[in-house]
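Participant: Next comes the structure file model-v9.pdb, holding PDB, C-alpha atoms.
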```
ATOM      1  CA  ALA T   1     -15.537 -27.537  -2.604
ATOM      2  CA  GLN T   2     -16.495 -24.157  -1.212
ATOM      3  CA  LYS T   3     -14.303 -23.270   1.720
ATOM      4  CA  ILE T   4     -16.314 -20.256   2.774
ATOM      5  CA  THR T   5     -20.072 -20.232   2.422
ATOM      6  CA  GLN T   6     -22.401 -17.303   2.884
ATOM      7  CA  THR T   7     -25.919 -18.544   2.271
ATOM      8  CA  GLN T   8     -27.715 -15.206   2.419
ATOM      9  CA  PRO T   9     -27.336 -13.253  -0.836
ATOM     10  CA  GLY T  10     -29.393 -10.399   0.597
ATOM     11  CA  MET T  11     -30.700  -9.352   3.986
ATOM     12  CA  PHE T  12     -32.975  -6.592   5.224
ATOM     13  CA  VAL T  13     -32.972  -5.154   8.721
ATOM     14  CA  GLN T  14     -34.848  -2.340  10.368
ATOM     15  CA  GLU T  15     -32.790   0.558  11.623
ATOM     16  CA  LYS T  16     -31.729   0.105  15.267
ATOM     17  CA  GLU T  17     -32.386  -3.631  15.163
ATOM     18  CA  ALA T  18     -29.688  -6.313  15.359
ATOM     19  CA  VAL T  19     -28.859  -8.548  12.407
ATOM     20  CA  THR T  20     -26.860 -11.756  12.004
ATOM     21  CA  LEU T  21     -24.967 -12.550   8.809
ATOM     22  CA  ASP T  22     -24.130 -16.211   8.403
ATOM     23  CA  CYS T  23     -20.786 -17.704   7.453
ATOM     24  CA  THR T  24     -19.621 -21.300   7.508
ATOM     25  CA  TYR T  25     -16.158 -22.501   6.625
ATOM     26  CA  ASP T  26     -14.328 -25.683   5.875
ATOM     27  CA  THR T  27     -10.694 -26.426   6.676
ATOM     28  CA  SER T  28      -8.562 -29.225   8.053
ATOM     29  CA  ASP T  29      -5.843 -26.841   9.218
ATOM     30  CA  PRO T  30      -5.956 -26.385  13.015
ATOM     31  CA  SER T  31      -4.578 -22.861  12.625
ATOM     32  CA  TYR T  32      -6.688 -20.379  10.748
ATOM     33  CA  GLY T  33      -8.113 -16.907  10.953
ATOM     34  CA  LEU T  34     -11.577 -15.661  10.147
ATOM     35  CA  PHE T  35     -12.315 -12.141   8.976
ATOM     36  CA  TRP T  36     -15.289  -9.998   8.113
ATOM     37  CA  TYR T  37     -15.060  -7.106   5.693
ATOM     38  CA  LYS T  38     -17.590  -4.476   4.669
ATOM     39  CA  GLN T  39     -17.724  -3.206   1.104
ATOM     40  CA  PRO T  40     -19.883  -0.106   0.537
ATOM     41  CA  SER T  41     -20.950   0.883  -2.952
ATOM     42  CA  SER T  42     -17.754   2.920  -3.303
ATOM     43  CA  GLY T  43     -15.842  -0.367  -3.499
ATOM     44  CA  GLU T  44     -13.343  -0.094  -0.689
ATOM     45  CA  MET T  45     -12.978  -3.105   1.589
ATOM     46  CA  ILE T  46     -13.205  -2.160   5.250
ATOM     47  CA  PHE T  47     -11.869  -4.570   7.860
ATOM     48  CA  LEU T  48     -14.415  -5.147  10.627
ATOM     49  CA  ILE T  49     -13.398  -7.989  12.898
ATOM     50  CA  TYR T  50     -11.029 -10.931  13.289
ATOM     51  CA  GLN T  51     -11.273 -14.293  15.057
ATOM     52  CA  GLY T  52      -8.352 -16.661  15.450
ATOM     53  CA  SER T  53      -8.940 -20.398  15.579
ATOM     54  CA  TYR T  54      -7.354 -20.627  19.011
ATOM     55  CA  ASP T  55      -9.169 -17.660  20.485
ATOM     56  CA  GLN T  56     -11.261 -18.747  23.438
ATOM     57  CA  GLN T  57     -13.633 -15.814  23.393
ATOM     58  CA  ASN T  58     -15.778 -14.397  20.640
ATOM     59  CA  ALA T  59     -14.294 -11.283  19.076
ATOM     60  CA  THR T  60     -16.054  -7.949  19.526
ATOM     61  CA  GLU T  61     -15.396  -4.557  17.953
ATOM     62  CA  GLY T  62     -17.883  -1.882  18.903
ATOM     63  CA  ARG T  63     -21.247  -2.818  17.371
ATOM     64  CA  TYR T  64     -19.741  -5.847  15.661
ATOM     65  CA  SER T  65     -19.362  -9.232  17.281
ATOM     66  CA  LEU T  66     -18.411 -12.568  15.850
ATOM     67  CA  ASN T  67     -20.350 -15.625  16.980
ATOM     68  CA  PHE T  68     -17.629 -18.252  16.649
ATOM     69  CA  GLN T  69     -18.822 -21.851  16.912
ATOM     70  CA  LYS T  70     -15.762 -23.939  16.171
ATOM     71  CA  ALA T  71     -17.396 -27.352  16.255
ATOM     72  CA  ARG T  72     -20.020 -26.209  13.777
ATOM     73  CA  LYS T  73     -17.417 -24.325  11.727
ATOM     74  CA  SER T  74     -19.438 -21.188  11.722
ATOM     75  CA  ALA T  75     -18.396 -17.571  12.192
ATOM     76  CA  ASN T  76     -21.498 -15.419  12.046
ATOM     77  CA  LEU T  77     -21.266 -11.647  12.201
ATOM     78  CA  VAL T  78     -23.692  -9.872  14.495
ATOM     79  CA  ILE T  79     -24.308  -6.169  13.982
ATOM     80  CA  SER T  80     -26.156  -4.534  16.839
ATOM     81  CA  ALA T  81     -28.227  -1.360  16.598
ATOM     82  CA  SER T  82     -28.122  -1.206  12.795
ATOM     83  CA  GLN T  83     -27.571   2.160  11.176
ATOM     84  CA  LEU T  84     -28.399   3.336   7.662
ATOM     85  CA  GLY T  85     -24.669   3.520   6.969
ATOM     86  CA  ASP T  86     -24.392  -0.223   7.557
ATOM     87  CA  SER T  87     -26.037  -0.854   4.186
ATOM     88  CA  ALA T  88     -23.299  -2.551   2.178
ATOM     89  CA  MET T  89     -21.918  -5.858   0.984
ATOM     90  CA  TYR T  90     -20.379  -7.990   3.723
ATOM     91  CA  PHE T  91     -17.749 -10.617   3.057
ATOM     92  CA  CYS T  92     -16.576 -13.411   5.301
ATOM     93  CA  ALA T  93     -13.019 -14.605   4.663
ATOM     94  CA  MET T  94     -10.650 -17.238   5.959
ATOM     95  CA  ARG T  95      -6.877 -17.486   6.083
ATOM     96  CA  GLU T  96      -5.426 -20.954   6.572
ATOM     97  CA  GLY T  97      -2.248 -21.377   8.558
ATOM     98  CA  ARG T  98      -0.699 -19.178  11.194
ATOM     99  CA  GLY T  99      -0.980 -15.466  10.619
ATOM    100  CA  ASN T 100       2.696 -14.776  11.012
ATOM    101  CA  GLN T 101       3.375 -17.025   8.043
ATOM    102  CA  GLY T 102       1.383 -14.857   5.704
ATOM    103  CA  GLY T 103      -1.312 -16.568   3.701
ATOM    104  CA  LYS T 104      -3.998 -15.588   1.266
ATOM    105  CA  LEU T 105      -7.606 -14.958   2.091
ATOM    106  CA  ILE T 106     -10.447 -17.043   0.730
ATOM    107  CA  PHE T 107     -13.652 -15.049   0.441
ATOM    108  CA  GLY T 108     -17.272 -16.054   0.598
ATOM    109  CA  GLN T 109     -19.785 -14.846  -1.972
ATOM    110  CA  GLY T 110     -20.971 -12.013   0.198
ATOM    111  CA  THR T 111     -24.243 -10.858   1.731
ATOM    112  CA  GLU T 112     -25.844  -7.592   0.696
ATOM    113  CA  LEU T 113     -27.319  -5.902   3.739
ATOM    114  CA  SER T 114     -29.958  -3.218   3.416
ATOM    115  CA  VAL T 115     -30.961  -1.200   6.466
ATOM    116  CA  LYS T 116     -34.475   0.212   6.336
ATOM    117  CA  PRO T 117     -35.300   3.527   8.031
TER     118      PRO T 117
ATOM    119  CA  GLY G   1      -6.265   0.393  11.176
ATOM    120  CA  ALA G   2      -3.449   0.598   8.666
ATOM    121  CA  VAL G   3      -3.739   2.719   5.541
ATOM    122  CA  VAL G   4      -3.306   1.392   2.025
ATOM    123  CA  SER G   5      -3.419   3.788  -0.866
ATOM    124  CA  GLN G   6      -4.323   2.676  -4.395
ATOM    125  CA  HIS G   7      -3.956   4.827  -7.457
ATOM    126  CA  PRO G   8      -5.632   5.591  -9.790
ATOM    127  CA  SER G   9      -9.168   5.110  -8.523
ATOM    128  CA  TRP G  10     -10.497   4.798 -12.029
ATOM    129  CA  VAL G  11      -9.021   4.694 -15.504
ATOM    130  CA  ILE G  12     -10.364   4.554 -19.027
ATOM    131  CA  CYS G  13      -8.028   3.410 -21.753
ATOM    132  CA  LYS G  14      -8.050   2.321 -25.351
ATOM    133  CA  SER G  15      -7.763  -1.310 -26.326
ATOM    134  CA  GLY G  16      -4.129  -2.339 -26.759
ATOM    135  CA  THR G  17      -2.649   0.091 -24.274
ATOM    136  CA  SER G  18      -1.074  -0.779 -20.931
ATOM    137  CA  VAL G  19      -2.278   0.453 -17.571
ATOM    138  CA  LYS G  20      -0.302   0.600 -14.327
ATOM    139  CA  ILE G  21      -1.975   0.519 -10.927
ATOM    140  CA  GLU G  22      -0.059   1.375  -7.760
ATOM    141  CA  CYS G  23      -0.638   0.058  -4.268
ATOM    142  CA  ARG G  24       1.154   1.695  -1.342
ATOM    143  CA  SER G  25       1.162   0.913   2.353
ATOM    144  CA  LEU G  26       1.373   4.321   4.008
ATOM    145  CA  ASP G  27       2.078   3.589   7.643
ATOM    146  CA  PHE G  28       3.614   0.135   7.749
ATOM    147  CA  GLN G  29       5.993  -2.072   5.832
ATOM    148  CA  ALA G  30       4.182  -4.654   3.775
ATOM    149  CA  THR G  31       6.242  -7.709   3.071
ATOM    150  CA  THR G  32       3.283  -9.201   1.233
ATOM    151  CA  MET G  33       0.712  -7.578  -0.997
ATOM    152  CA  PHE G  34      -2.184  -9.184  -2.790
ATOM    153  CA  TRP G  35      -3.990  -8.295  -5.985
ATOM    154  CA  TYR G  36      -7.652  -9.130  -6.488
ATOM    155  CA  ARG G  37     -10.144  -8.756  -9.271
ATOM    156  CA  GLN G  38     -13.856  -8.296  -8.703
ATOM    157  CA  PHE G  39     -16.731  -8.431 -11.176
ATOM    158  CA  PRO G  40     -20.024  -6.671 -10.370
ATOM    159  CA  LYS G  41     -22.040  -8.337  -7.648
ATOM    160  CA  GLN G  42     -19.389 -11.021  -7.202
ATOM    161  CA  SER G  43     -16.765 -11.882  -4.661
ATOM    162  CA  LEU G  44     -13.086 -11.034  -4.779
ATOM    163  CA  MET G  45     -10.898 -13.305  -6.842
ATOM    164  CA  LEU G  46      -7.242 -13.474  -5.873
ATOM    165  CA  MET G  47      -4.989 -12.907  -8.864
ATOM    166  CA  ALA G  48      -1.554 -13.005  -7.327
ATOM    167  CA  THR G  49       0.517 -12.689  -4.198
ATOM    168  CA  SER G  50       3.327 -10.178  -4.341
ATOM    169  CA  ASN G  51       6.355 -10.570  -2.091
ATOM    170  CA  GLU G  52       8.915  -7.832  -1.761
ATOM    171  CA  GLY G  53      12.091  -8.626  -3.647
ATOM    172  CA  SER G  54      10.849 -11.789  -5.301
ATOM    173  CA  LYS G  55       8.629 -12.888  -8.141
ATOM    174  CA  ALA G  56       4.895 -12.802  -7.642
ATOM    175  CA  THR G  57       2.939 -16.002  -7.205
ATOM    176  CA  TYR G  58       0.018 -16.146  -9.603
ATOM    177  CA  GLU G  59      -3.204 -18.043  -9.088
ATOM    178  CA  GLN G  60      -4.200 -20.713 -11.549
ATOM    179  CA  GLY G  61      -5.655 -19.270 -14.718
ATOM    180  CA  VAL G  62      -4.126 -15.817 -14.322
ATOM    181  CA  GLU G  63      -1.806 -14.868 -17.178
ATOM    182  CA  LYS G  64       1.584 -13.777 -15.876
ATOM    183  CA  ASP G  65       2.480 -11.920 -19.038
ATOM    184  CA  LYS G  66      -0.840 -10.134 -19.064
ATOM    185  CA  PHE G  67      -0.806  -8.974 -15.471
ATOM    186  CA  LEU G  68       2.699  -7.904 -14.510
ATOM    187  CA  ILE G  69       3.331  -7.440 -10.810
ATOM    188  CA  ASN G  70       6.314  -5.700  -9.291
ATOM    189  CA  HIS G  71       6.935  -5.348  -5.552
ATOM    190  CA  ALA G  72       9.995  -3.170  -5.617
ATOM    191  CA  SER G  73       9.932  -1.929  -2.039
ATOM    192  CA  LEU G  74       8.320  -2.698   1.289
ATOM    193  CA  THR G  75       5.688  -0.059   0.680
ATOM    194  CA  LEU G  76       4.912  -0.309  -3.033
ATOM    195  CA  SER G  77       3.518  -2.931  -5.382
ATOM    196  CA  THR G  78       2.365  -2.281  -8.929
ATOM    197  CA  LEU G  79       0.052  -4.163 -11.254
ATOM    198  CA  THR G  80       0.414  -3.513 -14.964
ATOM    199  CA  VAL G  81      -2.321  -4.706 -17.283
ATOM    200  CA  THR G  82      -0.510  -5.106 -20.582
ATOM    201  CA  SER G  83      -2.217  -4.738 -23.940
ATOM    202  CA  ALA G  84      -5.557  -4.256 -22.258
ATOM    203  CA  HIS G  85      -8.739  -5.455 -23.960
ATOM    204  CA  PRO G  86     -12.405  -4.871 -23.129
ATOM    205  CA  GLU G  87     -12.587  -8.198 -21.277
ATOM    206  CA  ASP G  88      -9.979  -6.848 -18.834
ATOM    207  CA  SER G  89     -12.458  -4.206 -17.717
ATOM    208  CA  SER G  90     -13.065  -4.846 -14.047
ATOM    209  CA  PHE G  91     -12.518  -3.612 -10.497
ATOM    210  CA  TYR G  92      -8.991  -4.300  -9.277
ATOM    211  CA  ILE G  93      -8.176  -4.021  -5.593
ATOM    212  CA  CYS G  94      -4.983  -4.575  -3.655
ATOM    213  CA  SER G  95      -4.305  -5.424  -0.050
ATOM    214  CA  ALA G  96      -1.248  -5.355   2.166
ATOM    215  CA  SER G  97      -0.307  -7.167   5.328
ATOM    216  CA  ARG G  98       2.480  -7.251   7.861
ATOM    217  CA  GLN G  99       4.033 -10.594   8.523
ATOM    218  CA  GLY G 100       5.206 -11.612  11.927
ATOM    219  CA  ILE G 101       1.938 -10.616  13.517
ATOM    220  CA  ALA G 102      -0.512 -13.279  14.579
ATOM    221  CA  LYS G 103      -3.602 -11.555  13.278
ATOM    222  CA  ASN G 104      -1.958 -10.600  10.007
ATOM    223  CA  ILE G 105      -4.909  -8.534   8.886
ATOM    224  CA  GLN G 106      -5.052  -7.604   5.223
ATOM    225  CA  TYR G 107      -5.826  -3.932   4.713
ATOM    226  CA  PHE G 108      -7.253  -2.969   1.367
ATOM    227  CA  GLY G 109      -6.847  -0.067  -0.982
ATOM    228  CA  ALA G 110      -9.903   1.725  -2.344
ATOM    229  CA  GLY G 111      -9.711  -0.154  -5.637
ATOM    230  CA  THR G 112      -9.309   0.815  -9.286
ATOM    231  CA  ARG G 113     -12.121   0.669 -11.821
ATOM    232  CA  LEU G 114     -10.652  -0.106 -15.231
ATOM    233  CA  SER G 115     -12.664   0.425 -18.386
ATOM    234  CA  VAL G 116     -11.098  -0.617 -21.664
ATOM    235  CA  LEU G 117     -12.733   0.816 -24.770
TER     236      LEU G 117
END
```
Can you present the structure in this file as structure tokens?
Facilitator:
Amino acid sequence: AQKITQTQPGMFVQEKEAVTLDCTYDTSDPSYGLFWYKQPSSGEMIFLIYQGSYDQQNATEGRYSLNFQKARKSANLVISASQLGDSAMYFCAMREGRGNQGGKLIFGQGTELSVKP
Amino acid sequence: GAVVSQHPSWVICKSGTSVKIECRSLDFQATTMFWYRQFPKQSLMLMATSNEGSKATYEQGVEKDKFLINHASLTLSTLTVTSAHPEDSSFYICSASRQGIAKNIQYFGAGTRLSVL
């Protein structure tokens, strides 16, 4: 069964508008971490934002925020004021278990975001 | 964020030769490094987890003798593709993380594009 699901293969957004990229996850572990990465066409994976399963507040990092709905097992990424440089592939990922115990990441299939001028 | 260097960024080799890819954590000690493979327009597939001073843990279906991993120090892991064939052509990317930290974010290298002729 898919542990991380990104249902939007591609998304378009107008420059300066906000956009939400969906991510749902499935785990029975009470301790887990959720991550979003950006992958431009150059291939590098850029860490954007992290949400721990016990975090009470939604994570924010500049123009990025994570809409964490634990009961629904969703961790949507919100990008505000989109810029042309935001055009890239975006991956949602999950790590099961406590962070200080290490643990591999499980990635979703990705969403390709295109920002229109 | 932490810096992970991956070298080379791209390599072309003849079928039957071996190729070594290096992954270095530049500003932190990485007790664990991960090696991924990515096909065009697809997600990252974990190949193996590399722990400093011990044998790597390979994911199901990944040939240990084909993809040799060595994590000789806290800042360096290498992936050697032995007797490479055209089907090994892919994008290989490594990541590194620090244990003992709750977030335990994986920071990625820029990736290596391997083309086997």
Participant: Specify as a PyMOL selection string each residue included when the ChimeraX specification (/T :<12) & /G is applied to this file.
Facilitator: chain G and resi 1-6+9-10+30-51+57-59+90-113
Participant: Could you name the residues that touch G:Ser54 at 9 Å or less, counting only C-alpha atoms, but leaving out those on the same chain fewer than 5 positions away, as a PyMOL selection string?
Facilitator: chain G and resi 70-72
Participant: Step by step, work through what the PyMOL selection byres ((chain G and resi 80) around 8) selects in the shown file, and finish by giving those residues as a PDB file with C-alpha atoms, keeping the file's coordinate frame.
Facilitator:
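So the final result, stored in expr26.pdb, reads:
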```
ATOM      1  CA  SER G  18      -1.074  -0.779 -20.931  1.00  0.00           C
ATOM      2  CA  VAL G  19      -2.278   0.453 -17.571  1.00  0.00           C
ATOM      3  CA  LYS G  20      -0.302   0.600 -14.327  1.00  0.00           C
ATOM      4  CA  ILE G  21      -1.975   0.519 -10.927  1.00  0.00           C
ATOM      5  CA  LYS G  66      -0.840 -10.134 -19.064  1.00  0.00           C
ATOM      6  CA  PHE G  67      -0.806  -8.974 -15.471  1.00  0.00           C
ATOM      7  CA  LEU G  68       2.699  -7.904 -14.510  1.00  0.00           C
ATOM      8  CA  ILE G  69       3.331  -7.440 -10.810  1.00  0.00           C
ATOM      9  CA  THR G  78       2.365  -2.281  -8.929  1.00  0.00           C
ATOM     10  CA  LEU G  79       0.052  -4.163 -11.254  1.00  0.00           C
ATOM     11  CA  VAL G  81      -2.321  -4.706 -17.283  1.00  0.00           C
ATOM     12  CA  THR G  82      -0.510  -5.106 -20.582  1.00  0.00           C
TER      13      THR G  82
END
```
Participant: Mind telling me what the PyMOL selection byres ((chain T and resi 64) around 9) catches here, as a PDB file with C-alpha atoms, in the frame of the given file?
Facilitator:
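Writing done, so here's result_17.pdb:
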```
ATOM      1  CA  LEU T  48     -14.415  -5.147  10.627  1.00  0.00           C
ATOM      2  CA  ILE T  49     -13.398  -7.989  12.898  1.00  0.00           C
ATOM      3  CA  ALA T  59     -14.294 -11.283  19.076  1.00  0.00           C
ATOM      4  CA  THR T  60     -16.054  -7.949  19.526  1.00  0.00           C
ATOM      5  CA  GLU T  61     -15.396  -4.557  17.953  1.00  0.00           C
ATOM      6  CA  GLY T  62     -17.883  -1.882  18.903  1.00  0.00           C
ATOM      7  CA  ARG T  63     -21.247  -2.818  17.371  1.00  0.00           C
ATOM      8  CA  SER T  65     -19.362  -9.232  17.281  1.00  0.00           C
ATOM      9  CA  LEU T  66     -18.411 -12.568  15.850  1.00  0.00           C
ATOM     10  CA  LEU T  77     -21.266 -11.647  12.201  1.00  0.00           C
ATOM     11  CA  VAL T  78     -23.692  -9.872  14.495  1.00  0.00           C
ATOM     12  CA  ILE T  79     -24.308  -6.169  13.982  1.00  0.00           C
ATOM     13  CA  SER T  80     -26.156  -4.534  16.839  1.00  0.00           C
TER      14      SER T  80
END
```
Participant: Could you tell me how far atom CA of T:Pro117 lies from atom CA of T:Leu21, in Å and to one decimal?
Facilitator: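 Atom CA of T:Leu21 lies 19.1 Å from atom CA of T:Pro117.
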Participant: In Å to one decimal, how far is atom CA of T:Gln57 from atom CA of T:Val13?
Facilitator: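 So the two atoms, atom CA of T:Val13 and atom CA of T:Gln57, lie 26.5 Å apart.
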Participant: Could you write out as JSON the box around stretch 53-63 of chain G (axis-aligned, all atoms listed in the file, 8 Å on each side), with centre and edge lengths in Å to one decimal?
Facilitator:
```
{"center_x": 3.2, "center_y": -14.7, "center_z": -10.4, "size_x": 33.7, "size_y": 28.1, "size_z": 29.5}
```
Participant: Provide the atom CA of T:Ser41 to atom CA of G:Val11 distance in Å, to one decimal place.
Facilitator: 17.7 Å
Participant: Find the residues near T:Val115: any atom within 12 Å, counting all atoms listed in the file, skip ones fewer than 6 places away on the same chain, and give them as a count of residues only.
Facilitator: 21
Participant: Which of these residues is nearest to G:Pro8, using only C-alpha atoms: G:Gly61, G:Leu114, G:Lys55, G:Phe28?
Facilitator: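 Closest candidate: G:Leu114.
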Participant: Smallest atom-to-atom distance to G:Val116: which of G:Ile12, G:Leu74, G:Gly53, G:Cys23, using only C-alpha atoms?
Facilitator: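 The shortest atom-to-atom distance to G:Val116 comes from G:Ile12.
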Participant: Any idea what's packed within 7 Å of T:Lys3, counting only C-alpha atoms, ignoring anything in its chain fewer than 6 positions away? Could you give it as a ChimeraX atom specification?
Facilitator: /T:25-27
